[in-house]
Structures are given as C-alpha cells and as structure tokens.
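Colleague: A single structure is presented below for examination.
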Amino acid sequence: MLKLNVLPAGHGDCLWIDYGDPATPNAVIIDGGAVGTYKRALIPRIKAGGNRAELLVITHLDGDHITGVLDLLGSDQNKFNAKEIWFNGFRHLPSEILGYEQADRLTDILVGPGINWNGIFHKMYPADEGRIAIPDSGDLPCLKLAGGLSLTLLSPGLPQLVALRPA
C-alpha cells in the first residue's frame, strides 16, 4: 500500500504518506505547513498513527513548511516520535552559521537527546556532519525505510546548498 495525503496547510505544504501493511501502515511526513497546520491537520493524523512516523522531512526553511514542524516537535501534548528527521540546518550549509529564526529554533530542538537528526546521512557522509545532499558523481542515494519504502534523493547537491547560503 502507498497512499499520499495532502493535508490542508493553508499556503504551505504538509504531506503525509502511508505505506506498507494496510493494517499497520508506516508513515512519512514531509513538511509541516504554516501556522495552524499542526492543530488543524497534523494532530488528528498523529493520534491515529500512534504518535510516530518512520521519517519526518523538512524540505527547506520557509515558514509555510517549517512552522507546523516546530509546533509538532515543540509540543509535550503528543510526545511525537520520528525514527529519523531529515533537515539541512545551517550547520550543513558550507560556510558560517546564518541566523534565520525558525531554522535556529528547529535546530535547537533537533540537537536534543534521543532525536535521530539526519542519522542515515551521518553514516553515509560522516565528514559532512550528516548533510543531506547528492554526491558530485555516481549513483543517487537510494534509502530504504522499515516497511519497504525506498526513497531516491534527487536534490540538493553541494552547488545548490552553496547557492542557498546567501538567501
């Protein structure tokens, strides 16, 4: 089973993927939407899914993608558990640390105990502090999650991360 749910995120994005065994599906969450998405759309899904997901992906720093994730991870109400979280924070951008407020807040949460932040990428690319990026050459990374889902990383590469730094 593979089911993509586009959750009502206002002007942002919040995707919920159910996959695997229909009786006990696994979940992947991609982005958290804008303000209000957590209460309006994520809480019901999270409660129905047992307060867990195989993977939480934050694609980029815009508020309409990250704000719901901040509410999700900052809430004591649901005790949400993601086996792994993928997010390129400022430490993963090639250069000095930047100061975008929401990304800094998310980084503060992700460095906490028990959070597997970019864990698979730490194993693949230990010299890059777990930066999520495709290699300069060779095959694209294909990652397998519990429950049988395979993900192929298409982007970003190091040139795209360098270009993001000034923005």
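Going by the structure tokens order, chains are called A, B, ..., each with residues numbered from 1, while ligands are numbered from 1 in the order shown.
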Within 9 Å of Ala103 of chain A, counting only C-alpha atoms, which residues qualify if same-chain residues fewer than 6 places away don't, as a VMD selection string?

Modeller: chain A and resid 60 to 62 66 89 to 90

Colleague: Go ahead and write the selection's residues with C-alpha atoms as a short mmCIF file (atom, residue, chain, number, x, y, z; two decimals), in the first residue's frame.

Modeller:
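And here is the file that came out, part.cif:
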data_model
loop_
_atom_site.label_atom_id
_atom_site.label_comp_id
_atom_site.auth_asym_id
_atom_site.auth_seq_id
_atom_site.Cartn_x
_atom_site.Cartn_y
_atom_site.Cartn_z
CA HIS A 60 13.50 23.92 3.40
CA LEU A 61 13.39 26.87 5.76
CA ASP A 62 10.31 28.79 4.62
CA ILE A 66 8.60 24.63 8.95
CA GLY A 89 20.18 23.16 9.07
CA PHE A 90 22.69 25.96 8.87
#

Colleague: Write out as a list in words which residues come within 8 Å of Ile134 of chain A when counting only C-alpha atoms, dropping same-chain ones fewer than 4 positions away.

Modeller: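 What passes the distance filter is Leu140, Pro141, Leu153, Leu154, Ser155, Pro156, Gly157 and Leu158 of chain A.
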
Colleague: Would you save the residues of that selection, restricted to N, CA and C atoms, as a tab-separated table (two decimals), in the first residue's frame?

Modeller:
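Contents of the output file again-v8.tsv:
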chain	number	residue	atom	x	y	z
A	140	LEU	N	22.61	8.20	-7.45
A	140	LEU	CA	21.85	8.94	-6.46
A	140	LEU	C	21.61	8.03	-5.25
A	141	PRO	N	21.62	8.60	-4.04
A	141	PRO	CA	21.39	7.77	-2.86
A	141	PRO	C	19.97	7.20	-2.86
A	153	LEU	N	17.04	10.11	-3.34
A	153	LEU	CA	17.30	11.52	-3.15
A	153	LEU	C	17.72	12.13	-4.49
A	154	LEU	N	16.99	13.15	-4.94
A	154	LEU	CA	17.25	13.80	-6.22
A	154	LEU	C	18.03	15.11	-6.07
A	155	SER	N	17.89	15.75	-4.93
A	155	SER	CA	18.49	17.05	-4.73
A	155	SER	C	18.49	17.32	-3.23
A	156	PRO	N	19.25	18.21	-2.71
A	156	PRO	CA	20.16	19.13	-3.38
A	156	PRO	C	21.55	18.52	-3.51
A	157	GLY	N	22.35	19.17	-4.33
A	157	GLY	CA	23.78	18.88	-4.39
A	157	GLY	C	24.50	20.00	-3.67
A	158	LEU	N	25.78	19.84	-3.52
A	158	LEU	CA	26.55	20.87	-2.85
A	158	LEU	C	26.42	22.24	-3.54

Colleague: Leaving out Arg52 of chain A and any residue of its chain fewer than 4 positions from it, which residues lie within 8 Å of it when counting only C-alpha atoms, given as a ChimeraX atom specification?

Modeller: /A:27,46,80-83

Colleague: I'd like the neighbourhood of Ile43 of chain A as a VMD selection string, where a residue qualifies if any of its atoms comes within 12 Å (using only C-alpha atoms), though same-chain residues fewer than 3 positions away should be ignored.

Modeller: chain A and resid 7 32 36 to 40 46 to 52 68 to 69 71 to 73 75 77 to 80

Colleague: Taking the chain letters and numbering used in this document, name the residues of chain A that DSSP puts in strand (DSSP E), as a count of residues only.

Modeller: 33

Colleague: Check the smallest atom-to-atom distance from each of A:Lys3, A:Asn88, A:Asp104, A:Ile29 to Glu129 of chain A using only C-alpha atoms, then report the winner.

Modeller: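 Smallest separation from Glu129 of chain A among the options: A:Asn88.
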
Colleague: For the helix (DSSP H, G or I) assignment from backbone DSSP, which residues of chain A qualify? Please present them as a PyMOL selection string.

Modeller: chain A and resi 37-48+63-74+90-92+101-110+119-124+126-128+158-164

Colleague: When you look at Gly33 of chain A with a cut-off of 6 Å (counting only C-alpha atoms), what residues show up, excluding the ones that are within fewer than 6 positions of it in the same chain? I need them as a VMD selection string.

Modeller: chain A and resid 9 12 to 14 64 to 65 68
